[in-house]
$ cat final05.cif   # mmCIF, C-alpha atoms
data_entry
loop_
_atom_site.label_atom_id
_atom_site.label_comp_id
_atom_site.auth_asym_id
_atom_site.auth_seq_id
_atom_site.Cartn_x
_atom_site.Cartn_y
_atom_site.Cartn_z
CA MET A 1 0.00 0.00 0.00
CA ALA A 2 1.50 3.30 -1.09
CA GLU A 3 1.51 5.77 1.76
CA ILE A 4 2.93 9.13 2.60
CA THR A 5 3.50 10.11 6.20
CA GLY A 6 4.18 13.13 8.36
CA ILE A 7 6.57 12.97 11.33
CA LYS A 8 7.43 9.25 11.60
CA GLU A 9 8.23 9.18 15.37
CA ILE A 10 4.61 10.03 16.29
CA ILE A 11 3.16 7.17 14.26
CA ARG A 12 2.71 4.53 16.95
CA PRO A 13 -0.40 2.50 17.79
CA GLU A 14 -0.82 4.22 21.19
CA ASN A 15 -0.99 7.65 19.54
CA LEU A 16 -3.75 6.72 17.11
CA VAL A 17 -6.56 9.29 16.95
CA TYR A 18 -8.49 8.39 13.84
CA LYS A 19 -8.48 5.39 11.54
CA ARG A 20 -10.79 4.21 8.79
CA THR A 21 -13.38 1.92 10.32
CA LYS A 22 -13.33 -1.83 9.71
CA VAL A 23 -16.98 -1.80 8.67
CA MET A 24 -15.90 -0.21 5.40
CA THR A 25 -14.36 -2.63 2.93
CA ASP A 26 -11.04 -2.01 1.20
CA SER A 27 -12.61 -1.41 -2.20
CA ILE A 28 -12.16 2.06 -3.65
CA LEU A 29 -15.40 4.08 -3.56
CA SER A 30 -16.92 4.60 -6.98
CA TYR A 31 -17.94 8.17 -6.19
CA CYS A 32 -16.49 11.27 -7.84
CA PRO A 33 -13.76 13.17 -5.97
CA GLY A 34 -15.21 15.25 -3.14
CA CYS A 35 -18.67 13.65 -3.20
CA GLY A 36 -20.59 13.73 0.08
CA HIS A 37 -21.70 10.11 -0.41
CA GLY A 38 -18.31 8.82 0.74
CA THR A 39 -18.42 10.83 3.96
CA ALA A 40 -22.01 9.76 4.63
CA HIS A 41 -21.04 6.10 4.10
CA ARG A 42 -18.10 6.43 6.44
CA ILE A 43 -19.99 8.02 9.33
CA LEU A 44 -22.74 5.45 8.98
CA ALA A 45 -20.10 2.70 9.09
CA GLU A 46 -18.51 4.31 12.15
CA ILE A 47 -21.85 4.39 13.97
CA ILE A 48 -22.48 0.72 13.12
CA ASP A 49 -18.98 -0.12 14.37
CA GLU A 50 -19.21 1.90 17.59
CA GLU A 51 -22.67 0.57 18.46
CA GLY A 52 -21.51 -3.00 17.77
CA LEU A 53 -24.23 -3.61 15.19
CA GLN A 54 -22.16 -4.99 12.32
CA SER A 55 -23.83 -8.41 12.40
CA GLU A 56 -27.23 -6.94 13.33
CA THR A 57 -27.55 -4.44 10.49
CA ILE A 58 -29.44 -4.82 7.24
CA GLY A 59 -29.10 -1.98 4.76
CA VAL A 60 -31.26 -1.37 1.73
CA SER A 61 -29.39 0.24 -1.13
CA PRO A 62 -31.12 2.43 -3.68
CA VAL A 63 -30.81 2.96 -7.39
CA GLY A 64 -28.56 5.91 -8.08
CA CYS A 65 -24.98 6.76 -7.27
CA ALA A 66 -25.11 4.70 -4.08
CA VAL A 67 -26.31 1.58 -5.91
CA LEU A 68 -23.04 -0.21 -5.11
CA MET A 69 -23.25 0.55 -1.39
CA TYR A 70 -23.10 -3.16 -0.57
CA ASN A 71 -19.58 -3.23 -2.01
CA PHE A 72 -18.35 -0.56 0.35
CA LEU A 73 -20.01 -1.47 3.64
CA ASP A 74 -19.17 -4.80 5.23
CA ILE A 75 -22.76 -5.50 6.34
CA ASP A 76 -25.79 -7.32 4.99
CA CYS A 77 -27.42 -5.35 2.20
CA GLN A 78 -30.43 -5.76 -0.03
CA GLU A 79 -30.78 -3.99 -3.34
CA ALA A 80 -34.23 -2.52 -3.98
CA ALA A 81 -35.96 -1.49 -7.19
CA HIS A 82 -35.83 2.20 -7.99
CA GLY A 83 -37.55 4.14 -5.21
CA ARG A 84 -38.82 1.04 -3.41
CA ALA A 85 -36.21 0.85 -0.68
CA PRO A 86 -38.63 1.89 2.13
CA ALA A 87 -41.09 -0.82 1.05
CA VAL A 88 -38.33 -3.46 1.07
CA ALA A 89 -37.06 -2.19 4.41
CA THR A 90 -40.59 -2.42 5.81
CA GLY A 91 -40.73 -6.09 4.94
CA ILE A 92 -37.29 -6.78 6.38
CA LYS A 93 -38.02 -4.97 9.63
CA ARG A 94 -41.38 -6.66 10.10
CA LEU A 95 -39.87 -10.11 9.60
CA LEU A 96 -36.71 -9.42 11.60
CA PRO A 97 -37.69 -6.83 14.21
CA ASP A 98 -34.45 -7.25 16.18
CA LYS A 99 -32.22 -6.10 13.32
CA PHE A 100 -31.15 -2.53 12.69
CA VAL A 101 -32.64 -1.67 9.29
CA PHE A 102 -31.84 1.43 7.27
CA THR A 103 -32.40 2.70 3.76
CA TYR A 104 -29.92 4.92 1.99
CA GLN A 105 -31.41 6.87 -0.88
CA GLY A 106 -30.72 9.82 -3.12
CA ASP A 107 -33.15 12.51 -4.10
CA GLY A 108 -34.09 11.00 -7.46
CA ASP A 109 -34.86 7.73 -5.70
CA LEU A 110 -36.60 8.95 -2.56
CA ALA A 111 -38.24 12.17 -3.72
CA ALA A 112 -39.15 11.35 -7.34
CA ILE A 113 -39.94 7.74 -8.20
CA GLY A 114 -40.25 6.63 -4.59
CA THR A 115 -42.44 9.45 -3.29
CA ALA A 116 -45.39 7.18 -2.55
CA GLU A 117 -43.27 4.57 -0.75
CA THR A 118 -41.49 7.25 1.26
CA ILE A 119 -44.63 9.03 2.38
CA HIS A 120 -46.55 5.87 3.22
CA THR A 121 -43.64 4.28 5.07
CA CYS A 122 -43.24 7.41 7.17
CA ASN A 123 -47.00 7.65 7.65
CA ARG A 124 -47.19 4.05 8.86
CA GLY A 125 -44.35 4.81 11.23
CA GLU A 126 -42.27 1.82 10.23
CA ASN A 127 -39.43 1.43 12.67
CA ILE A 128 -36.57 2.05 10.24
CA LEU A 129 -33.95 4.72 9.61
CA MET A 130 -34.12 6.51 6.26
CA ILE A 131 -31.05 8.37 5.09
CA PHE A 132 -31.79 10.82 2.30
CA ILE A 133 -28.88 12.32 0.35
CA ASN A 134 -30.11 15.50 -1.30
CA ASN A 135 -27.87 17.04 -3.93
CA GLY A 136 -30.62 18.62 -6.00
CA ILE A 137 -29.79 16.66 -9.14
CA TYR A 138 -29.81 13.24 -10.74
CA GLY A 139 -26.09 12.66 -10.33
CA MET A 140 -25.54 9.21 -11.82
CA THR A 141 -27.42 9.71 -15.09
CA GLY A 142 -25.72 12.97 -16.03
CA GLY A 143 -27.05 15.81 -13.91
CA GLN A 144 -30.69 16.08 -14.95
CA MET A 145 -33.17 18.20 -13.02
CA ALA A 146 -34.62 16.45 -9.98
CA PRO A 147 -37.68 17.34 -7.89
CA THR A 148 -35.29 18.84 -5.35
CA THR A 149 -33.45 21.13 -7.81
CA ILE A 150 -33.69 24.63 -6.34
CA PRO A 151 -35.23 27.52 -8.37
CA GLY A 152 -32.76 28.99 -10.84
CA MET A 153 -30.35 26.06 -10.54
CA ARG A 154 -28.84 24.89 -13.80
CA SER A 155 -28.86 21.24 -14.77
CA SER A 156 -28.55 19.40 -18.05
CA THR A 157 -32.33 19.46 -18.55
CA SER A 158 -32.77 23.00 -17.22
CA PRO A 159 -29.81 24.75 -18.89
CA TYR A 160 -31.23 28.25 -18.21
CA GLY A 161 -31.99 27.44 -14.60
CA ARG A 162 -35.13 25.93 -13.07
CA ASP A 163 -38.11 28.11 -13.94
CA VAL A 164 -40.80 27.35 -11.37
CA LYS A 165 -43.57 28.59 -13.69
CA ILE A 166 -42.85 25.85 -16.20
CA MET A 167 -41.05 23.19 -14.19
CA GLY A 168 -42.86 23.42 -10.88
CA ASN A 169 -41.57 24.03 -7.40
CA PRO A 170 -38.90 22.02 -5.61
CA LEU A 171 -40.16 19.34 -3.27
CA LYS A 172 -39.09 19.68 0.35
CA MET A 173 -39.46 16.03 1.20
CA THR A 174 -38.09 16.33 4.72
CA ASP A 175 -40.58 19.06 5.61
CA ILE A 176 -43.40 16.89 4.28
CA VAL A 177 -42.48 13.79 6.29
CA ALA A 178 -41.97 15.90 9.42
CA THR A 179 -45.70 16.66 9.38
CA LEU A 180 -46.65 12.98 9.36
CA PRO A 181 -47.56 11.40 12.70
CA GLY A 182 -45.51 8.23 12.06
CA THR A 183 -42.11 9.91 12.05
CA TYR A 184 -40.29 10.21 15.34
CA TYR A 185 -37.10 12.08 14.52
CA VAL A 186 -36.63 14.19 11.39
CA THR A 187 -33.50 16.22 10.80
CA ARG A 188 -31.55 17.89 8.02
CA GLN A 189 -27.76 17.86 8.15
CA SER A 190 -24.75 18.13 5.84
CA VAL A 191 -21.28 16.60 5.64
CA HIS A 192 -19.13 19.26 4.01
CA THR A 193 -17.20 20.53 7.06
CA PRO A 194 -15.81 18.73 10.13
CA ALA A 195 -18.40 20.39 12.40
CA ASN A 196 -21.29 19.30 10.19
CA VAL A 197 -19.91 15.78 9.94
CA ARG A 198 -19.86 15.58 13.75
CA LYS A 199 -23.46 16.83 13.95
CA THR A 200 -24.61 14.31 11.34
CA LYS A 201 -22.90 11.53 13.24
CA LYS A 202 -24.66 12.60 16.41
CA ALA A 203 -28.00 12.57 14.59
CA MET A 204 -27.33 9.06 13.25
CA ARG A 205 -26.42 7.82 16.72
CA LYS A 206 -29.74 9.18 18.04
CA ALA A 207 -31.62 7.47 15.22
CA VAL A 208 -29.97 4.13 16.10
CA GLN A 209 -31.00 4.55 19.74
CA TYR A 210 -34.59 5.38 18.79
CA GLN A 211 -34.83 2.35 16.56
CA LYS A 212 -33.71 0.16 19.45
CA LEU A 213 -36.61 1.63 21.45
CA ASN A 214 -39.12 1.00 18.60
CA ARG A 215 -40.13 4.62 18.37
CA GLY A 216 -40.98 4.97 14.68
CA THR A 217 -39.41 6.23 11.48
CA CYS A 218 -36.26 8.29 11.79
CA PHE A 219 -35.49 10.41 8.74
CA ILE A 220 -32.12 12.07 8.19
CA GLU A 221 -31.66 14.30 5.17
CA ILE A 222 -28.06 15.05 4.26
CA VAL A 223 -27.72 18.05 1.96
CA SER A 224 -24.78 17.09 -0.21
CA ASN A 225 -22.81 18.33 -3.16
CA CYS A 226 -22.44 16.91 -6.66
CA PRO A 227 -19.24 18.38 -8.09
CA SER A 228 -19.52 16.52 -11.38
CA GLY A 229 -23.21 17.27 -11.92
CA TRP A 230 -22.89 20.88 -10.88
CA LYS A 231 -19.73 21.27 -13.02
CA MET A 232 -17.60 22.64 -10.20
CA THR A 233 -14.56 21.63 -8.18
CA PRO A 234 -15.38 19.93 -4.86
CA VAL A 235 -14.38 22.99 -2.84
CA GLU A 236 -16.38 25.34 -5.10
CA SER A 237 -19.38 23.05 -4.94
CA ASN A 238 -19.28 23.03 -1.12
CA LYS A 239 -19.20 26.82 -1.16
CA TRP A 240 -22.03 26.98 -3.69
CA MET A 241 -24.03 24.60 -1.53
CA GLU A 242 -23.56 26.82 1.52
CA GLU A 243 -24.61 29.93 -0.37
CA ASN A 244 -27.51 28.54 -2.42
CA MET A 245 -28.77 25.22 -1.06
CA PHE A 246 -28.76 26.03 2.67
CA PRO A 247 -31.09 29.08 2.39
CA TYR A 248 -33.59 26.81 0.65
CA TYR A 249 -32.90 23.71 2.75
CA PRO A 250 -31.98 25.12 6.18
CA LEU A 251 -30.05 22.70 8.40
CA GLY A 252 -31.35 21.59 11.75
CA ASP A 253 -33.90 19.35 13.45
CA LEU A 254 -37.39 19.49 11.96
CA LYS A 255 -39.02 17.11 14.38
CA ILE A 256 -37.59 16.05 17.68
CA PRO A 257 -39.13 13.68 20.20
CA ALA A 258 -41.55 15.40 22.57
CA GLU A 259 -39.66 14.29 25.70
CA GLU A 260 -36.45 15.90 24.44
CA SER A 261 -37.90 19.25 23.46
CA VAL A 262 -38.84 20.11 27.06
CA MET B 1 3.33 23.91 28.51
CA ALA B 2 2.85 20.60 26.84
CA LYS B 3 2.75 20.89 23.11
CA VAL B 4 0.49 18.72 21.00
CA LYS B 5 2.07 17.21 17.93
CA GLY B 6 0.25 15.30 15.29
CA SER B 7 1.03 13.29 12.25
CA ILE B 8 -1.02 11.96 9.37
CA VAL B 9 -0.69 8.99 7.06
CA VAL B 10 -2.25 9.32 3.61
CA ASN B 11 -3.12 6.29 1.51
CA ILE B 12 -1.95 7.67 -1.82
CA GLU B 13 -3.66 5.20 -4.12
CA LYS B 14 -7.14 5.77 -2.65
CA CYS B 15 -6.85 9.58 -2.56
CA LYS B 16 -8.86 11.34 -5.26
CA GLY B 17 -7.37 14.79 -4.70
CA CYS B 18 -10.64 16.58 -3.92
CA GLU B 19 -8.86 19.15 -1.68
CA VAL B 20 -11.60 19.07 0.96
CA CYS B 21 -9.01 18.10 3.61
CA MET B 22 -6.72 20.95 2.56
CA VAL B 23 -9.52 23.49 3.13
CA SER B 24 -10.52 21.92 6.46
CA CYS B 25 -6.99 21.86 7.92
CA PRO B 26 -6.75 24.68 10.49
CA THR B 27 -2.95 24.88 10.39
CA GLY B 28 -2.18 24.53 6.70
CA THR B 29 -0.38 21.22 7.11
CA ILE B 30 -1.89 19.56 4.05
CA ALA B 31 -1.21 20.46 0.43
CA MET B 32 -1.79 18.65 -2.81
CA ALA B 33 1.26 16.93 -4.28
CA ARG B 34 2.59 17.88 -7.70
CA GLU B 35 3.00 14.18 -8.44
CA VAL B 36 0.01 12.03 -9.29
CA ASN B 37 -1.05 8.55 -8.22
CA SER B 38 -1.75 5.70 -10.61
CA LYS B 39 -5.22 7.08 -11.36
CA GLY B 40 -3.86 10.54 -12.19
CA TYR B 41 -5.04 12.40 -9.11
CA ASN B 42 -2.82 14.91 -7.30
CA TYR B 43 -2.93 13.30 -3.87
CA ALA B 44 -2.95 15.04 -0.49
CA TRP B 45 0.27 15.04 1.49
CA PRO B 46 1.53 16.62 4.71
CA ALA B 47 3.55 19.46 3.15
CA ASN B 48 4.24 21.14 6.51
CA PRO B 49 4.34 18.17 8.93
CA ASP B 50 5.64 20.28 11.84
CA LEU B 51 2.41 22.29 11.93
CA CYS B 52 0.12 19.27 12.41
CA ILE B 53 -1.77 19.25 15.72
CA GLY B 54 -3.56 15.93 15.18
CA CYS B 55 -7.08 17.44 15.24
CA ALA B 56 -8.31 14.83 12.73
CA ASN B 57 -10.44 17.38 10.85
CA CYS B 58 -8.92 16.20 7.55
CA ALA B 59 -9.75 12.57 8.28
CA ILE B 60 -13.30 13.39 9.37
CA VAL B 61 -14.19 15.21 6.14
CA CYS B 62 -12.28 12.92 3.78
CA PRO B 63 -14.95 11.32 1.55
CA ASP B 64 -12.71 8.35 0.81
CA GLY B 65 -11.36 7.81 4.33
CA VAL B 66 -7.72 7.75 3.22
CA ILE B 67 -6.22 9.65 6.17
CA THR B 68 -5.09 8.10 9.46
CA VAL B 69 -4.24 10.50 12.29
CA TYR B 70 -1.83 10.13 15.21
CA LYS B 71 -1.33 12.57 18.07
CA THR B 72 0.98 12.88 21.06
CA LYS B 73 2.06 15.40 23.68
CA ILE B 74 5.66 16.53 23.79
#

$ encode --input "final05.cif" --output "structure tokens"
Amino acid sequence: MAEITGIKEIIRPENLVYKRTKVMTDSILSYCPGCGHGTAHRILAEIIDEEGLQSETIGVSPVGCAVLMYNFLDIDCQEAAHGRAPAVATGIKRLLPDKFVFTYQGDGDLAAIGTAETIHTCNRGENILMIFINNGIYGMTGGQMAPTTIPGMRSSTSPYGRDVKIMGNPLKMTDIVATLPGTYYVTRQSVHTPANVRKTKKAMRKAVQYQKLNRGTCFIEIVSNCPSGWKMTPVESNKWMEENMFPYYPLGDLKIPAEESV
Amino acid sequence: MAKVKGSIVVNIEKCKGCEVCMVSCPTGTIAMAREVNSKGYNYAWPANPDLCIGCANCAIVCPDGVITVYKTKI
């Protein structure tokens, strides 16, 4: 393994601060450089590792950029048809209620073709965790406009920017599911800075705890970048996301358990 | 006063050169190499290793998890 190191004397096992978790496999992630998917995968893997759930977890992978998730996470995974991950996860959780079940979906999967499954799963209050990566675009197929594309945002099918008069308004899926009685914990986070990564990890840890207590659907939206689809460098895309996506999709908890809000 | 010293190890072949770690580093330890790895990416490397404080910010934001961080007090 080719490596480059800093000061060699410090590199000893007892000084270790941070190491890639064992729940991630050694395969190289298929994501573009700087994509938030990789970070989201890693923090999810870290939570599974720290909670000791590696053998107790069943993930449902979506169709989209994260379709090969089962190659990167060393856990049991089921591939679902496009948009149907919540329905598959419902079946898994009902048959195996002791397992930790999560879905990992993008915005084209969860908010476009899978809208019905998403809303009904949340409305039924299925005891699963749904992770929603929102980058406002169909990343894998070449950057087409998605339901979550913000007004004025350029994509390959809206080259002059999204005109809401013709193309409709963006869908704030997280706000919608927060109004449903079945959801227990709904939050919107991001993974572009160290502080935001820590917050997202905290939110995921909470969601794991709530699932252990059978509280209902936990929904975590991660506002992410798509450097390739947005035609920017990773650092530029993170900046663009802060300036344009966050005013439309403000970060924070949308629904927190009643006992915690006191 | 005890001084905190850190050190990072970068897995060159897995690095995609996205520069997110470089921006997140509070001390300017990390820079992108002029050389490329086998995939053609300019990988991250500790250009100023003496400045590293082992805060692990680079490793936490790295999308590909290529950075390992060590820290000690001197």

$ closest_residue --input "final05.cif" --among "B:Leu51, B:Cys18, B:Val66, B:Met32" --to "Glu3 (chain A)" --atoms "only C-alpha atoms"
B:Val66

$ residues_around --input "final05.cif" --residues "Gly6 (chain A)" --least-positions-apart "5" --cutoff "9 Å" --atoms "only C-alpha atoms" --output "PyMOL selection string"
(chain A and resi 11) or (chain B and resi 6-10+45-50+52)

$ residues_near_point --input "final05.cif" --point "(0.8, 18.6, -7.9)" --cutoff "12 Å" --atoms "only C-alpha atoms" --output "VMD selection string"
chain B and resid 17 19 31 to 37 40 to 45 47

$ resolve_selection --input "final05.cif" --expression "the PyMOL selection byres ((chain A) within 9 of (chain B))" --output "ChimeraX atom specification"
/A:1-21,28-29,31-43,191-195,197-198,233-235,238

$ closest_residue --input "final05.cif" --among "A:Thr183, A:Pro86, A:Ile119, A:Leu44" --to "Lys202 (chain A)" --atoms "only C-alpha atoms"
A:Leu44

$ axis_aligned_box --input "final05.cif" --around "region 8-24 of chain B" --padding-each-side "6 Å" --output "AutoDock Vina command-line options"
--center_x -6.1 --center_y 14.3 --center_z 2.1 --size_x 22.9 --size_y 30.3 --size_z 26.6

$ atom_distance --input "final05.cif" --atom1 "CA of Pro62 (chain A)" --atom2 "CA of Phe219 (chain A)"
15.4 Å

$ resolve_selection --input "final05.cif" --expression "the PyMOL selection byres ((chain A and resi 212) around 9)" --output "compact mmCIF listing (two decimals) with C-alpha atoms, in the frame of the given file"
# COMPACT_ATOMS: atom_id res chain seq x y z
CA ASP A 98 -34.45 -7.25 16.18
CA LYS A 99 -32.22 -6.10 13.32
CA PHE A 100 -31.15 -2.53 12.69
CA ASN A 127 -39.43 1.43 12.67
CA ALA A 207 -31.62 7.47 15.22
CA VAL A 208 -29.97 4.13 16.10
CA GLN A 209 -31.00 4.55 19.74
CA TYR A 210 -34.59 5.38 18.79
CA GLN A 211 -34.83 2.35 16.56
CA LEU A 213 -36.61 1.63 21.45
CA ASN A 214 -39.12 1.00 18.60
CA ARG A 215 -40.13 4.62 18.37

$ atom_distance --input "final05.cif" --atom1 "CA of Pro250 (chain A)" --atom2 "CA of Ala87 (chain A)"
28.0 Å

$ resolve_selection --input "final05.cif" --expression "the PyMOL selection byres ((chain A and resi 64) around 7)" --output "PyMOL selection string"
chain A and resi 62-63+65-67+106+109+140

$ atom_distance --input "final05.cif" --atom1 "CA of Val101 (chain A)" --atom2 "CA of Leu53 (chain A)"
10.5 Å

$ closest_residue --input "final05.cif" --among "A:Ala85, A:Ile131, A:Ala45, A:Gly136" --to "Glu117 (chain A)" --atoms "all atoms listed in the file"
A:Ala85

$ residues_around --input "final05.cif" --residues "region 158-169 of chain A" --least-positions-apart "2" --cutoff "10 Å" --atoms "all atoms listed in the file" --output "list of chain:residue names"
A:Gly143, A:Gln144, A:Met145, A:Ala146, A:Pro147, A:Thr148, A:Thr149, A:Ile150, A:Pro151, A:Gly152, A:Met153, A:Arg154, A:Ser155, A:Ser156, A:Leu171, A:Lys172

$ closest_residue --input "final05.cif" --among "A:Asn244, A:Asn196, A:Ser27, A:Ser228" --to "Thr141 (chain A)" --atoms "all atoms listed in the file"
A:Ser228

$ residues_around --input "final05.cif" --residues "Thr25 (chain A)" --least-positions-apart "6" --cutoff "8 Å" --atoms "only C-alpha atoms" --output "VMD selection string"
chain A and resid 71 to 74

$ write_last_selection --input "final05.cif" --atoms "C-alpha atoms" --output "PDB file, in the coordinates of the input"
ATOM      1  CA  ASN A  71     -19.580  -3.230  -2.010  1.00  0.00           C
ATOM      2  CA  PHE A  72     -18.350  -0.560   0.350  1.00  0.00           C
ATOM      3  CA  LEU A  73     -20.010  -1.470   3.640  1.00  0.00           C
ATOM      4  CA  ASP A  74     -19.170  -4.800   5.230  1.00  0.00           C
TER       5      ASP A  74
END

$ build_atoms --input "final05.cif" --residues "region 3-15 of chain B" --atoms "N, CA and C atoms" --output "JSON list (two decimals), keeping the file's coordinate frame"
[["chain", "number", "residue", "atom", "x", "y", "z"],
["B", 3, "LYS", "N", 3.10, 20.56, 24.48],
["B", 3, "LYS", "CA", 2.75, 20.89, 23.11],
["B", 3, "LYS", "C", 2.20, 19.65, 22.41],
["B", 4, "VAL", "N", 1.10, 19.85, 21.69],
["B", 4, "VAL", "CA", 0.49, 18.72, 21.00],
["B", 4, "VAL", "C", 1.07, 18.63, 19.59],
["B", 5, "LYS", "N", 1.53, 17.45, 19.27],
["B", 5, "LYS", "CA", 2.07, 17.21, 17.93],
["B", 5, "LYS", "C", 1.27, 16.11, 17.25],
["B", 6, "GLY", "N", 1.00, 16.31, 16.02],
["B", 6, "GLY", "CA", 0.25, 15.30, 15.29],
["B", 6, "GLY", "C", 0.98, 14.85, 14.05],
["B", 7, "SER", "N", 0.46, 13.80, 13.47],
["B", 7, "SER", "CA", 1.03, 13.29, 12.25],
["B", 7, "SER", "C", -0.04, 12.53, 11.48],
["B", 8, "ILE", "N", -0.02, 12.67, 10.18],
["B", 8, "ILE", "CA", -1.02, 11.96, 9.37],
["B", 8, "ILE", "C", -0.36, 11.00, 8.40],
["B", 9, "VAL", "N", -1.12, 9.96, 8.07],
["B", 9, "VAL", "CA", -0.69, 8.99, 7.06],
["B", 9, "VAL", "C", -1.73, 9.02, 5.95],
["B", 10, "VAL", "N", -1.31, 9.26, 4.73],
["B", 10, "VAL", "CA", -2.25, 9.32, 3.61],
["B", 10, "VAL", "C", -2.05, 8.11, 2.72],
["B", 11, "ASN", "N", -3.15, 7.42, 2.45],
["B", 11, "ASN", "CA", -3.12, 6.29, 1.51],
["B", 11, "ASN", "C", -3.19, 6.89, 0.09],
["B", 12, "ILE", "N", -2.06, 6.93, -0.56],
["B", 12, "ILE", "CA", -1.95, 7.67, -1.82],
["B", 12, "ILE", "C", -2.87, 7.11, -2.90],
["B", 13, "GLU", "N", -2.93, 5.80, -3.00],
["B", 13, "GLU", "CA", -3.66, 5.20, -4.12],
["B", 13, "GLU", "C", -5.17, 5.42, -4.02],
["B", 14, "LYS", "N", -5.69, 5.57, -2.80],
["B", 14, "LYS", "CA", -7.14, 5.77, -2.65],
["B", 14, "LYS", "C", -7.52, 7.24, -2.70],
["B", 15, "CYS", "N", -6.55, 8.14, -2.57],
["B", 15, "CYS", "CA", -6.85, 9.58, -2.56],
["B", 15, "CYS", "C", -7.29, 10.03, -3.95]]
